[in-house]
$ cat work-v1.pdb   # PDB, C-alpha atoms
ATOM      1  CA  MET A1419     -69.892  84.218 -25.989
ATOM      2  CA  LYS A1420     -70.648  87.682 -24.697
ATOM      3  CA  ILE A1421     -71.038  90.091 -27.601
ATOM      4  CA  PRO A1422     -70.615  93.746 -26.655
ATOM      5  CA  THR A1423     -72.115  96.538 -28.671
ATOM      6  CA  ILE A1424     -70.061  98.668 -31.041
ATOM      7  CA  LYS A1425     -69.391 101.757 -29.006
ATOM      8  CA  VAL A1426     -68.668 104.384 -31.578
ATOM      9  CA  THR A1427     -70.809 107.060 -30.021
ATOM     10  CA  LYS A1428     -68.419 107.714 -27.152
ATOM     11  CA  VAL A1429     -65.624 108.489 -29.545
ATOM     12  CA  ILE A1430     -67.340 111.035 -31.707
ATOM     13  CA  ASP A1431     -69.966 112.660 -29.527
ATOM     14  CA  ARG A1432     -67.671 115.499 -28.422
ATOM     15  CA  ASP A1433     -67.191 116.587 -32.027
ATOM     16  CA  VAL A1434     -70.765 116.060 -33.005
ATOM     17  CA  ARG A1435     -71.906 118.181 -30.077
ATOM     18  CA  LYS A1436     -69.836 121.039 -31.490
ATOM     19  CA  VAL A1437     -71.650 120.640 -34.788
ATOM     20  CA  PHE A1438     -75.020 120.633 -33.033
ATOM     21  CA  LEU A1439     -74.342 124.069 -31.638
ATOM     22  CA  GLY A1440     -74.990 125.372 -35.141
ATOM     23  CA  ASN A1441     -77.915 124.705 -37.431
ATOM     24  CA  LYS A1442     -79.609 121.401 -36.543
ATOM     25  CA  GLU A1443     -80.537 120.543 -40.113
ATOM     26  CA  GLU A1444     -77.011 121.211 -41.281
ATOM     27  CA  ALA A1445     -75.664 119.153 -38.400
ATOM     28  CA  LYS A1446     -77.905 116.253 -39.375
ATOM     29  CA  THR A1447     -76.755 116.450 -42.994
ATOM     30  CA  ARG A1448     -73.117 116.503 -41.909
ATOM     31  CA  MET A1449     -73.630 113.575 -39.589
ATOM     32  CA  LEU A1450     -75.368 111.593 -42.303
ATOM     33  CA  HIS A1451     -72.522 112.321 -44.681
ATOM     34  CA  ALA A1452     -69.928 111.353 -42.045
ATOM     35  CA  ALA A1453     -71.844 108.158 -41.300
ATOM     36  CA  GLU A1454     -71.831 107.244 -45.011
ATOM     37  CA  VAL A1455     -68.085 107.931 -45.141
ATOM     38  CA  GLY A1456     -67.578 105.721 -42.075
ATOM     39  CA  LYS A1457     -69.669 102.943 -43.568
ATOM     40  CA  GLU A1458     -67.724 103.050 -46.830
ATOM     41  CA  ALA A1459     -64.428 103.036 -44.917
ATOM     42  CA  MET A1460     -65.558  99.948 -43.015
ATOM     43  CA  LYS A1461     -66.562  98.182 -46.216
ATOM     44  CA  GLN A1462     -63.323  99.152 -47.913
ATOM     45  CA  SER A1463     -61.334  97.978 -44.912
ATOM     46  CA  LEU A1464     -63.058  94.584 -44.987
ATOM     47  CA  ASP A1465     -62.629  94.184 -48.720
ATOM     48  CA  SER A1466     -58.992  95.238 -48.826
ATOM     49  CA  LYS A1467     -57.941  93.022 -45.941
ATOM     50  CA  SER A1468     -59.677  89.889 -47.094
ATOM     51  CA  LYS A1469     -58.399  87.780 -49.931
ATOM     52  CA  PHE A1470     -61.859  86.785 -51.029
ATOM     53  CA  GLY A1471     -63.929  89.651 -49.620
ATOM     54  CA  THR A1472     -66.422  89.416 -46.789
ATOM     55  CA  GLY A1473     -69.580  90.495 -48.577
ATOM     56  CA  THR A1474     -72.036  89.218 -45.982
ATOM     57  CA  LEU A1475     -70.506  91.240 -43.180
ATOM     58  CA  ALA A1476     -69.799  94.322 -45.300
ATOM     59  CA  ASN A1477     -73.336  94.384 -46.680
ATOM     60  CA  SER A1478     -74.948  94.090 -43.274
ATOM     61  CA  ILE A1479     -73.340  97.236 -41.859
ATOM     62  CA  GLU A1480     -76.117  99.757 -41.292
ATOM     63  CA  ILE A1481     -75.808 103.330 -40.122
ATOM     64  CA  SER A1482     -78.107 105.270 -37.834
ATOM     65  CA  ILE A1483     -78.188 108.906 -36.791
ATOM     66  CA  LEU A1484     -79.156 109.457 -33.191
ATOM     67  CA  GLU A1485     -79.236 112.592 -31.059
ATOM     68  CA  GLY A1486     -75.589 113.628 -30.891
ATOM     69  CA  CYS A1487     -74.094 110.398 -32.154
ATOM     70  CA  ILE A1488     -73.664 108.094 -35.101
ATOM     71  CA  GLY A1489     -74.338 104.376 -34.935
ATOM     72  CA  LEU A1490     -72.279 102.063 -37.119
ATOM     73  CA  GLY A1491     -73.550  98.524 -37.381
ATOM     74  CA  ASP A1492     -76.532  96.980 -35.662
ATOM     75  CA  ILE A1493     -75.485  93.829 -33.821
ATOM     76  CA  SER A1494     -78.908  92.272 -34.243
ATOM     77  CA  ILE A1495     -78.326  92.330 -38.002
ATOM     78  CA  LEU A1496     -74.564  91.761 -38.230
ATOM     79  CA  PRO A1497     -73.409  88.166 -38.664
ATOM     80  CA  LYS A1498     -72.175  86.586 -35.410
ATOM     81  CA  TYR A1499     -68.546  86.679 -36.467
ATOM     82  CA  TRP A1500     -68.330  90.492 -36.657
ATOM     83  CA  TYR A1501     -66.463  90.587 -33.350
ATOM     84  CA  VAL A1502     -63.872  87.955 -34.286
ATOM     85  CA  GLN A1503     -63.339  89.575 -37.687
ATOM     86  CA  ASN A1504     -62.620  92.910 -36.048
ATOM     87  CA  TYR A1505     -60.400  91.818 -33.159
ATOM     88  CA  GLY A1506     -58.953  88.521 -34.389
ATOM     89  CA  LYS A1507     -58.764  85.306 -32.407
ATOM     90  CA  TYR A1508     -56.979  81.999 -32.186
ATOM     91  CA  PHE A1509     -59.345  79.077 -31.929
ATOM     92  CA  GLY A1510     -56.624  76.565 -31.226
ATOM     93  CA  THR A1511     -56.747  72.911 -32.023
ATOM     94  CA  GLU A1512     -59.052  72.204 -29.100
ATOM     95  CA  THR A1513     -61.915  73.842 -31.010
ATOM     96  CA  PRO A1514     -63.900  70.961 -32.463
ATOM     97  CA  TYR A1515     -64.767  72.484 -35.815
ATOM     98  CA  ILE A1516     -66.306  75.340 -37.747
ATOM     99  CA  PRO A1517     -69.152  74.102 -39.958
ATOM    100  CA  GLY A1518     -69.038  75.014 -43.625
ATOM    101  CA  ARG A1519     -67.298  74.159 -46.851
ATOM    102  CA  PRO A1520     -64.991  75.586 -49.491
ATOM    103  CA  THR A1521     -66.692  77.622 -52.180
ATOM    104  CA  GLU A1522     -67.374  75.435 -55.158
ATOM    105  CA  ASP A1523     -65.490  76.151 -58.321
ATOM    106  CA  PRO A1524     -67.207  74.559 -61.328
ATOM    107  CA  ASP A1525     -63.828  73.959 -63.005
ATOM    108  CA  THR A1526     -62.408  72.045 -60.047
ATOM    109  CA  PRO A1527     -63.328  68.417 -59.362
ATOM    110  CA  ARG A1528     -65.377  68.162 -56.162
ATOM    111  CA  ARG A1529     -62.887  65.801 -54.465
ATOM    112  CA  ILE A1530     -60.163  68.467 -54.400
ATOM    113  CA  HIS A1531     -62.295  71.435 -53.378
ATOM    114  CA  GLY A1532     -60.433  73.523 -50.861
ATOM    115  CA  GLN A1533     -57.017  72.349 -51.970
ATOM    116  CA  LYS A1534     -56.542  75.152 -54.434
ATOM    117  CA  GLY A1535     -57.182  78.021 -52.086
ATOM    118  CA  THR A1536     -60.880  78.447 -52.706
ATOM    119  CA  PRO A1537     -62.425  80.452 -49.846
ATOM    120  CA  PHE A1538     -64.077  78.674 -46.950
ATOM    121  CA  ARG A1539     -67.676  79.682 -46.310
ATOM    122  CA  TYR A1540     -69.223  79.358 -42.865
ATOM    123  CA  GLN A1541     -72.508  77.459 -43.093
ATOM    124  CA  LYS A1542     -74.462  76.880 -39.927
ATOM    125  CA  GLY A1543     -75.555  73.271 -39.485
ATOM    126  CA  TYR A1544     -73.476  71.943 -42.379
ATOM    127  CA  LYS A1545     -72.066  68.482 -41.710
ATOM    128  CA  GLY A1546     -68.653  69.295 -43.207
ATOM    129  CA  SER A1547     -66.195  71.344 -41.151
ATOM    130  CA  ILE A1548     -62.644  72.647 -40.721
ATOM    131  CA  VAL A1549     -60.347  73.101 -37.753
ATOM    132  CA  PRO A1550     -58.624  76.484 -38.145
ATOM    133  CA  MET A1551     -54.899  76.076 -37.523
ATOM    134  CA  ASN A1552     -53.823  79.732 -37.678
ATOM    135  CA  PRO A1553     -55.121  82.775 -35.802
ATOM    136  CA  ILE A1554     -57.854  84.764 -37.509
ATOM    137  CA  VAL A1555     -56.101  88.038 -38.262
ATOM    138  CA  PRO A1556     -58.039  91.122 -37.103
ATOM    139  CA  LYS A1557     -59.364  93.455 -39.755
ATOM    140  CA  ASN A1558     -60.096  96.355 -37.390
ATOM    141  CA  TYR A1559     -62.770  97.615 -39.735
ATOM    142  CA  ILE A1560     -64.596  99.353 -36.882
ATOM    143  CA  GLU A1561     -61.507 101.396 -35.980
ATOM    144  CA  ASP A1562     -61.040 102.290 -39.651
ATOM    145  CA  GLY A1563     -64.659 103.460 -39.810
ATOM    146  CA  ILE A1564     -64.301 105.579 -36.673
ATOM    147  CA  ALA A1565     -61.037 107.082 -37.964
ATOM    148  CA  ALA A1566     -62.799 108.070 -41.201
ATOM    149  CA  ILE A1567     -65.666 109.684 -39.272
ATOM    150  CA  ASN A1568     -63.236 111.502 -36.997
ATOM    151  CA  ASN A1569     -61.500 112.803 -40.103
ATOM    152  CA  GLU A1570     -64.801 114.220 -41.367
ATOM    153  CA  PHE A1571     -65.207 116.261 -38.197
ATOM    154  CA  ALA A1572     -61.557 117.291 -37.968
TER     155      ALA A1572
ATOM    156  CA  MET B1151     -34.374 109.468 -51.384
ATOM    157  CA  SER B1152     -32.494 106.269 -52.071
ATOM    158  CA  SER B1153     -34.396 103.097 -52.877
ATOM    159  CA  SER B1154     -33.296 101.585 -49.566
ATOM    160  CA  SER B1155     -35.089 104.263 -47.524
ATOM    161  CA  PHE B1156     -38.442 103.452 -46.022
ATOM    162  CA  ARG B1157     -41.514 105.604 -46.589
ATOM    163  CA  GLU B1158     -43.446 107.553 -44.000
ATOM    164  CA  LYS B1159     -46.064 105.005 -42.980
ATOM    165  CA  ARG B1160     -43.497 102.269 -42.502
ATOM    166  CA  CYS B1161     -41.216 104.613 -40.595
ATOM    167  CA  MET B1162     -44.082 105.617 -38.299
ATOM    168  CA  GLU B1163     -44.795 101.988 -37.486
ATOM    169  CA  PHE B1164     -41.110 101.229 -36.938
ATOM    170  CA  SER B1165     -40.605 104.339 -34.785
ATOM    171  CA  LEU B1166     -43.531 103.420 -32.547
ATOM    172  CA  VAL B1167     -42.413  99.807 -32.213
ATOM    173  CA  ASP B1168     -38.911 101.058 -31.395
ATOM    174  CA  TYR B1169     -40.216 103.511 -28.810
ATOM    175  CA  ILE B1170     -42.491 101.025 -27.067
ATOM    176  CA  THR B1171     -39.893  98.234 -27.153
ATOM    177  CA  THR B1172     -37.277 100.475 -25.541
ATOM    178  CA  ASN B1173     -39.637 101.634 -22.807
ATOM    179  CA  VAL B1174     -41.124  98.220 -22.109
ATOM    180  CA  SER B1175     -37.706  96.579 -21.827
ATOM    181  CA  THR B1176     -36.697  99.225 -19.272
ATOM    182  CA  ASP B1177     -39.858  99.251 -17.168
ATOM    183  CA  TRP B1178     -41.127  95.682 -17.443
ATOM    184  CA  SER B1179     -39.624  92.233 -17.504
ATOM    185  CA  GLY B1180     -40.732  89.380 -19.709
ATOM    186  CA  VAL B1181     -42.989  91.483 -21.950
ATOM    187  CA  THR B1182     -42.440  90.957 -25.668
ATOM    188  CA  VAL B1183     -43.264  93.503 -28.360
ATOM    189  CA  VAL B1184     -44.095  92.232 -31.868
ATOM    190  CA  LYS B1185     -45.211  93.844 -35.102
ATOM    191  CA  THR B1186     -47.603  91.291 -36.574
ATOM    192  CA  PHE B1187     -50.657  89.672 -35.058
ATOM    193  CA  SER B1188     -49.705  86.064 -35.899
ATOM    194  CA  GLN B1189     -46.287  86.492 -34.227
ATOM    195  CA  ALA B1190     -48.002  87.318 -30.944
ATOM    196  CA  TYR B1191     -49.237  83.741 -30.599
ATOM    197  CA  LYS B1192     -45.726  82.373 -31.069
ATOM    198  CA  LYS B1193     -44.144  84.324 -28.205
ATOM    199  CA  ASP B1194     -44.480  83.768 -24.489
ATOM    200  CA  LEU B1195     -47.146  85.826 -22.716
ATOM    201  CA  PRO B1196     -47.448  88.737 -22.060
ATOM    202  CA  VAL B1197     -47.175  90.155 -25.556
ATOM    203  CA  ILE B1198     -47.816  93.585 -27.070
ATOM    204  CA  CYS B1199     -48.567  93.730 -30.782
ATOM    205  CA  ILE B1200     -48.232  97.083 -32.564
ATOM    206  CA  ARG B1201     -49.324  97.531 -36.160
ATOM    207  CA  SER B1202     -50.759 100.144 -38.470
ATOM    208  CA  SER B1203     -54.176  99.833 -40.045
ATOM    209  CA  SER B1204     -55.574 102.382 -42.482
ATOM    210  CA  THR B1205     -54.142 105.742 -43.573
ATOM    211  CA  LEU B1206     -56.258 108.805 -44.291
ATOM    212  CA  HIS B1207     -54.890 111.558 -46.511
ATOM    213  CA  SER B1208     -56.041 115.144 -46.391
ATOM    214  CA  GLN B1209     -54.689 118.242 -48.097
ATOM    215  CA  LYS B1210     -52.638 120.539 -45.918
ATOM    216  CA  GLU B1211     -54.343 123.543 -47.489
ATOM    217  CA  VAL B1212     -56.652 124.269 -50.391
ATOM    218  CA  GLY B1213     -54.825 123.883 -53.689
ATOM    219  CA  SER B1214     -51.797 122.271 -52.089
ATOM    220  CA  THR B1215     -50.483 118.904 -53.175
ATOM    221  CA  ASN B1216     -48.913 118.351 -49.772
ATOM    222  CA  LEU B1217     -50.815 115.894 -47.653
ATOM    223  CA  TYR B1218     -51.320 115.067 -44.019
ATOM    224  CA  ASN B1219     -51.040 111.323 -43.592
ATOM    225  CA  ASP B1220     -53.027 110.196 -40.579
ATOM    226  CA  VAL B1221     -52.188 106.605 -39.723
ATOM    227  CA  THR B1222     -54.431 104.478 -37.533
ATOM    228  CA  ILE B1223     -52.335 102.451 -35.096
ATOM    229  CA  ILE B1224     -53.698  99.355 -33.386
ATOM    230  CA  ILE B1225     -52.103  97.928 -30.259
ATOM    231  CA  ASP B1226     -53.185  94.542 -28.921
ATOM    232  CA  VAL B1227     -52.227  93.508 -25.409
ATOM    233  CA  PHE B1228     -52.154  89.788 -24.627
ATOM    234  CA  ALA B1229     -51.837  89.474 -20.864
ATOM    235  CA  THR B1230     -51.737  86.673 -18.332
ATOM    236  CA  SER B1231     -54.234  88.215 -15.925
ATOM    237  CA  ASP B1232     -56.889  90.893 -15.852
ATOM    238  CA  GLY B1233     -54.757  93.116 -13.631
ATOM    239  CA  LEU B1234     -51.755  92.908 -15.918
ATOM    240  CA  ARG B1235     -53.988  93.681 -18.885
ATOM    241  CA  LEU B1236     -55.161  96.911 -17.242
ATOM    242  CA  ASP B1237     -51.673  97.845 -16.055
ATOM    243  CA  LEU B1238     -50.125  97.357 -19.475
ATOM    244  CA  ALA B1239     -52.922  99.237 -21.227
ATOM    245  CA  ASP B1240     -52.589 102.203 -18.843
ATOM    246  CA  TYR B1241     -48.823 102.144 -19.156
ATOM    247  CA  LEU B1242     -49.035 102.227 -22.949
ATOM    248  CA  VAL B1243     -51.481 105.143 -22.930
ATOM    249  CA  ASP B1244     -49.143 107.066 -20.604
ATOM    250  CA  LYS B1245     -46.199 106.488 -22.919
ATOM    251  CA  ILE B1246     -48.005 107.139 -26.171
ATOM    252  CA  LYS B1247     -49.951 110.248 -25.195
ATOM    253  CA  VAL B1248     -46.771 112.346 -25.183
ATOM    254  CA  GLY B1249     -45.792 111.171 -28.664
ATOM    255  CA  CYS B1250     -42.373 109.937 -29.707
ATOM    256  CA  VAL B1251     -39.486 110.695 -32.029
ATOM    257  CA  TYR B1252     -40.072 109.973 -35.719
ATOM    258  CA  TYR B1253     -37.128 108.268 -37.393
ATOM    259  CA  ASP B1254     -36.360 107.947 -41.075
ATOM    260  CA  TYR B1255     -35.252 104.359 -41.528
ATOM    261  CA  SER B1256     -33.058 103.054 -44.294
ATOM    262  CA  LYS B1257     -31.147  99.885 -44.998
ATOM    263  CA  ASP B1258     -27.472  99.949 -44.164
ATOM    264  CA  SER B1259     -25.566  99.675 -47.473
ATOM    265  CA  THR B1260     -22.805  97.628 -45.866
ATOM    266  CA  ASP B1261     -25.010  95.387 -43.746
ATOM    267  CA  PRO B1262     -28.405  94.553 -45.312
ATOM    268  CA  GLU B1263     -29.627  93.061 -42.032
ATOM    269  CA  ALA B1264     -29.166  96.317 -40.117
ATOM    270  CA  LEU B1265     -31.239  99.494 -40.267
ATOM    271  CA  ASP B1266     -29.983 103.072 -40.075
ATOM    272  CA  LYS B1267     -32.234 105.657 -38.497
ATOM    273  CA  ASP B1268     -32.216 109.450 -38.429
ATOM    274  CA  ALA B1269     -34.500 111.510 -36.237
ATOM    275  CA  ASP B1270     -36.812 113.649 -38.387
ATOM    276  CA  GLY B1271     -39.551 115.191 -36.256
ATOM    277  CA  ARG B1272     -42.093 113.731 -33.903
ATOM    278  CA  ILE B1273     -45.126 111.482 -34.014
ATOM    279  CA  ARG B1274     -48.083 112.925 -32.174
ATOM    280  CA  VAL B1275     -51.406 111.398 -31.321
ATOM    281  CA  LEU B1276     -54.330 113.098 -33.032
ATOM    282  CA  ARG B1277     -57.227 111.155 -31.563
ATOM    283  CA  TRP B1278     -57.841 108.147 -29.394
ATOM    284  CA  ILE B1279     -60.266 105.763 -31.025
ATOM    285  CA  ASN B1280     -60.612 102.814 -28.699
ATOM    286  CA  ASP B1281     -59.279 101.607 -25.357
ATOM    287  CA  THR B1282     -61.227  98.538 -24.410
ATOM    288  CA  ARG B1283     -61.128  94.942 -23.309
ATOM    289  CA  VAL B1284     -61.526  92.320 -26.020
ATOM    290  CA  ASP B1285     -63.944  89.938 -24.414
ATOM    291  CA  PHE B1286     -64.243  86.449 -25.851
ATOM    292  CA  GLY B1287     -65.300  84.971 -22.547
ATOM    293  CA  THR B1288     -63.247  82.531 -20.486
ATOM    294  CA  ASP B1289     -63.544  79.332 -22.480
ATOM    295  CA  VAL B1290     -60.956  80.386 -25.038
ATOM    296  CA  HIS B1291     -57.293  79.934 -25.863
ATOM    297  CA  ASP B1292     -54.881  81.288 -23.191
ATOM    298  CA  TYR B1293     -53.761  84.140 -25.447
ATOM    299  CA  ASP B1294     -57.318  85.416 -25.884
ATOM    300  CA  LYS B1295     -58.376  85.259 -22.240
ATOM    301  CA  PHE B1296     -57.016  88.635 -21.153
ATOM    302  CA  ARG B1297     -56.836  90.786 -24.229
ATOM    303  CA  HIS B1298     -57.014  94.531 -24.562
ATOM    304  CA  THR B1299     -56.987  96.769 -27.593
ATOM    305  CA  LEU B1300     -55.890 100.362 -28.015
ATOM    306  CA  SER B1301     -56.342 102.312 -31.229
ATOM    307  CA  PHE B1302     -55.486 105.866 -32.145
ATOM    308  CA  SER B1303     -54.597 108.080 -35.080
ATOM    309  CA  VAL B1304     -51.105 109.536 -35.367
ATOM    310  CA  ARG B1305     -49.512 112.175 -37.566
ATOM    311  CA  LYS B1306     -45.942 113.170 -38.197
ATOM    312  CA  SER B1307     -45.152 116.717 -37.158
TER     313      SER B1307
END
$ encode --input "work-v1.pdb" --output "structure tokens"
Amino acid sequence: MKIPTIKVTKVIDRDVRKVFLGNKEEAKTRMLHAAEVGKEAMKQSLDSKSKFGTGTLANSIEISILEGCIGLGDISILPKYWYVQNYGKYFGTETPYIPGRPTEDPDTPRRIHGQKGTPFRYQKGYKGSIVPMNPIVPKNYIEDGIAAINNEFA
Amino acid sequence: MSSSSFREKRCMEFSLVDYITTNVSTDWSGVTVVKTFSQAYKKDLPVICIRSSSTLHSQKEVGSTNLYNDVTIIIDVFATSDGLRLDLADYLVDKIKVGCVYYDYSKDSTDPEALDKDADGRIRVLRWINDTRVDFGTDVHDYDKFRHTLSFSVRKS
């Protein structure tokens, strides 16, 4: 699967350039603040749109301040499913399986794990698996992050 | 406001869906417009899915309790070919960039299935966020082969 980069810089650079016309230190502080706001918005978006939270993805979102732009998320650090989580996808029944297992609940007997709505956790190389029957609904957390950053520079 | 009236965010979403549906049915044939992502996979291609994501609130002026509500709108295009994907995406940008009429929607007291609508201003686009291909490669489900996404912030004026 081809994984493109998160292109947030193109969206905000026009506004950031305006800020750079002023004091550079102030611009950097503002950009850092905006980046933090964007990061929080992305985390909030992921948490609010997921029944069980997506801590791994939310916690791996890093910000970076570059010359004239803000970077949200480093794809070398983000889990592989960041793209599917953002844009949504239907695997269809032809997909063999997704390895992993339901989260264990100590109060539930092992034989009925997953029957009571416990969240499924992706686990690379695990022998157990599921075939997803419904489309993975997009969370659009990147767009929410960009919207929050845009709002900071409005 | 009666309890059967819809609030601003819902009305914005409805107004946009209404606007796009009307235009698409006039200018295209066989294109379906839906409001939820899962529905898109149940309709025949090509499909356009319009939905709202987050809302950002900001004060209209210092000390005021009136707020601007900026709603992020996401549009997914599920096409049957790469050309159609580009055509539909361009068409949607052309239609949306000029904004559309904002309607206040409410449930009809005599017919609960029907909606009443009254024009109450316009929806204008504040910023474009994303206009890009969603690339999952070619070895995917038919609906995900030629996908495009548009996202932008809108505000009622």
$ residues_near_point --input "work-v1.pdb" --point "(-70.9, 112.4, -42.6)" --cutoff "12 Å" --atoms "only C-alpha atoms" --output "mmCIF file with C-alpha atoms, in the coordinates of the input"
data_model
loop_
_atom_site.group_PDB
_atom_site.id
_atom_site.type_symbol
_atom_site.label_atom_id
_atom_site.label_comp_id
_atom_site.auth_asym_id
_atom_site.auth_seq_id
_atom_site.Cartn_x
_atom_site.Cartn_y
_atom_site.Cartn_z
ATOM 1 C CA ILE A 1430 -67.340 111.035 -31.707
ATOM 2 C CA ASP A 1433 -67.191 116.587 -32.027
ATOM 3 C CA VAL A 1434 -70.765 116.060 -33.005
ATOM 4 C CA VAL A 1437 -71.650 120.640 -34.788
ATOM 5 C CA GLU A 1444 -77.011 121.211 -41.281
ATOM 6 C CA ALA A 1445 -75.664 119.153 -38.400
ATOM 7 C CA LYS A 1446 -77.905 116.253 -39.375
ATOM 8 C CA THR A 1447 -76.755 116.450 -42.994
ATOM 9 C CA ARG A 1448 -73.117 116.503 -41.909
ATOM 10 C CA MET A 1449 -73.630 113.575 -39.589
ATOM 11 C CA LEU A 1450 -75.368 111.593 -42.303
ATOM 12 C CA HIS A 1451 -72.522 112.321 -44.681
ATOM 13 C CA ALA A 1452 -69.928 111.353 -42.045
ATOM 14 C CA ALA A 1453 -71.844 108.158 -41.300
ATOM 15 C CA GLU A 1454 -71.831 107.244 -45.011
ATOM 16 C CA VAL A 1455 -68.085 107.931 -45.141
ATOM 17 C CA GLY A 1456 -67.578 105.721 -42.075
ATOM 18 C CA LYS A 1457 -69.669 102.943 -43.568
ATOM 19 C CA GLU A 1458 -67.724 103.050 -46.830
ATOM 20 C CA ALA A 1459 -64.428 103.036 -44.917
ATOM 21 C CA ILE A 1481 -75.808 103.330 -40.122
ATOM 22 C CA SER A 1482 -78.107 105.270 -37.834
ATOM 23 C CA ILE A 1483 -78.188 108.906 -36.791
ATOM 24 C CA CYS A 1487 -74.094 110.398 -32.154
ATOM 25 C CA ILE A 1488 -73.664 108.094 -35.101
ATOM 26 C CA GLY A 1489 -74.338 104.376 -34.935
ATOM 27 C CA LEU A 1490 -72.279 102.063 -37.119
ATOM 28 C CA GLY A 1563 -64.659 103.460 -39.810
ATOM 29 C CA ILE A 1564 -64.301 105.579 -36.673
ATOM 30 C CA ALA A 1566 -62.799 108.070 -41.201
ATOM 31 C CA ILE A 1567 -65.666 109.684 -39.272
ATOM 32 C CA ASN A 1568 -63.236 111.502 -36.997
ATOM 33 C CA ASN A 1569 -61.500 112.803 -40.103
ATOM 34 C CA GLU A 1570 -64.801 114.220 -41.367
ATOM 35 C CA PHE A 1571 -65.207 116.261 -38.197
ATOM 36 C CA ALA A 1572 -61.557 117.291 -37.968
#
$ interface_residues --input "work-v1.pdb" --of "chain B" --to "chain A" --cutoff "7 Å" --atoms "only C-alpha atoms" --output "ChimeraX atom specification"
/B:1187-1188,1204,1279,1286-1287,1291,1294
$ write_last_selection --input "work-v1.pdb" --atoms "C-alpha atoms" --output "mmCIF file, in the coordinates of the input"
data_model
loop_
_atom_site.group_PDB
_atom_site.id
_atom_site.type_symbol
_atom_site.label_atom_id
_atom_site.label_comp_id
_atom_site.auth_asym_id
_atom_site.auth_seq_id
_atom_site.Cartn_x
_atom_site.Cartn_y
_atom_site.Cartn_z
ATOM 1 C CA PHE B 1187 -50.657 89.672 -35.058
ATOM 2 C CA SER B 1188 -49.705 86.064 -35.899
ATOM 3 C CA SER B 1204 -55.574 102.382 -42.482
ATOM 4 C CA ILE B 1279 -60.266 105.763 -31.025
ATOM 5 C CA PHE B 1286 -64.243 86.449 -25.851
ATOM 6 C CA GLY B 1287 -65.300 84.971 -22.547
ATOM 7 C CA HIS B 1291 -57.293 79.934 -25.863
ATOM 8 C CA ASP B 1294 -57.318 85.416 -25.884
#
$ closest_residue --input "work-v1.pdb" --among "B:Asn1280, B:Gln1189, B:Thr1171, B:Ser1303" --to "Asn1219 in chain B" --atoms "only C-alpha atoms"
B:Ser1303
$ atom_distance --input "work-v1.pdb" --atom1 "CA of Val1251 in chain B" --atom2 "CA of Thr1186 in chain B"
21.5 Å
$ atom_distance --input "work-v1.pdb" --atom1 "CA of Ser1208 in chain B" --atom2 "CA of Asp1244 in chain B"
27.9 Å
$ residues_around --input "work-v1.pdb" --residues "Phe1296 in chain B" --least-positions-apart "4" --cutoff "9 Å" --atoms "all atoms listed in the file" --output "VMD selection string"
chain B and resid 1227 to 1232 1234 to 1235 1283 to 1286 1288 1292
$ atom_distance --input "work-v1.pdb" --atom1 "CA of Arg1539 in chain A" --atom2 "CA of Ile1516 in chain A"
9.7 Å
$ resolve_selection --input "work-v1.pdb" --expression "the PyMOL selection byres ((chain B and resi 1276) around 6)" --output "CSV table (one decimal) with C-alpha atoms, keeping the file's coordinate frame"
chain,number,residue,atom,x,y,z
B,1275,VAL,CA,-51.4,111.4,-31.3
B,1277,ARG,CA,-57.2,111.2,-31.6
B,1303,SER,CA,-54.6,108.1,-35.1
B,1304,VAL,CA,-51.1,109.5,-35.4
$ closest_residue --input "work-v1.pdb" --among "B:Asp1254, B:Asp1281, B:Glu1263, B:Asp1268" --to "Lys1159 in chain B" --atoms "all atoms listed in the file"
B:Asp1254
$ residues_around --input "work-v1.pdb" --residues "Lys1247 in chain B" --least-positions-apart "4" --cutoff "9 Å" --atoms "only C-alpha atoms" --output "PyMOL selection string"
chain B and resi 1242-1243+1274-1275
$ write_last_selection --input "work-v1.pdb" --atoms "C-alpha atoms" --output "compact mmCIF listing (two decimals), keeping the file's coordinate frame"
# COMPACT_ATOMS: atom_id res chain seq x y z
CA LEU B 1242 -49.04 102.23 -22.95
CA VAL B 1243 -51.48 105.14 -22.93
CA ARG B 1274 -48.08 112.92 -32.17
CA VAL B 1275 -51.41 111.40 -31.32
$ resolve_selection --input "work-v1.pdb" --expression "the PyMOL selection byres ((chain A and resi 1492-1496) around 9)" --output "PDB file with C-alpha atoms, keeping the file's coordinate frame"
ATOM      1  CA  ILE A1421     -71.038  90.091 -27.601  1.00  0.00           C
ATOM      2  CA  PRO A1422     -70.615  93.746 -26.655  1.00  0.00           C
ATOM      3  CA  THR A1423     -72.115  96.538 -28.671  1.00  0.00           C
ATOM      4  CA  ILE A1424     -70.061  98.668 -31.041  1.00  0.00           C
ATOM      5  CA  THR A1474     -72.036  89.218 -45.982  1.00  0.00           C
ATOM      6  CA  LEU A1475     -70.506  91.240 -43.180  1.00  0.00           C
ATOM      7  CA  ALA A1476     -69.799  94.322 -45.300  1.00  0.00           C
ATOM      8  CA  ASN A1477     -73.336  94.384 -46.680  1.00  0.00           C
ATOM      9  CA  SER A1478     -74.948  94.090 -43.274  1.00  0.00           C
ATOM     10  CA  ILE A1479     -73.340  97.236 -41.859  1.00  0.00           C
ATOM     11  CA  GLU A1480     -76.117  99.757 -41.292  1.00  0.00           C
ATOM     12  CA  ILE A1481     -75.808 103.330 -40.122  1.00  0.00           C
ATOM     13  CA  SER A1482     -78.107 105.270 -37.834  1.00  0.00           C
ATOM     14  CA  GLY A1489     -74.338 104.376 -34.935  1.00  0.00           C
ATOM     15  CA  LEU A1490     -72.279 102.063 -37.119  1.00  0.00           C
ATOM     16  CA  GLY A1491     -73.550  98.524 -37.381  1.00  0.00           C
ATOM     17  CA  PRO A1497     -73.409  88.166 -38.664  1.00  0.00           C
ATOM     18  CA  LYS A1498     -72.175  86.586 -35.410  1.00  0.00           C
ATOM     19  CA  TYR A1499     -68.546  86.679 -36.467  1.00  0.00           C
ATOM     20  CA  TRP A1500     -68.330  90.492 -36.657  1.00  0.00           C
TER      21      TRP A1500
END
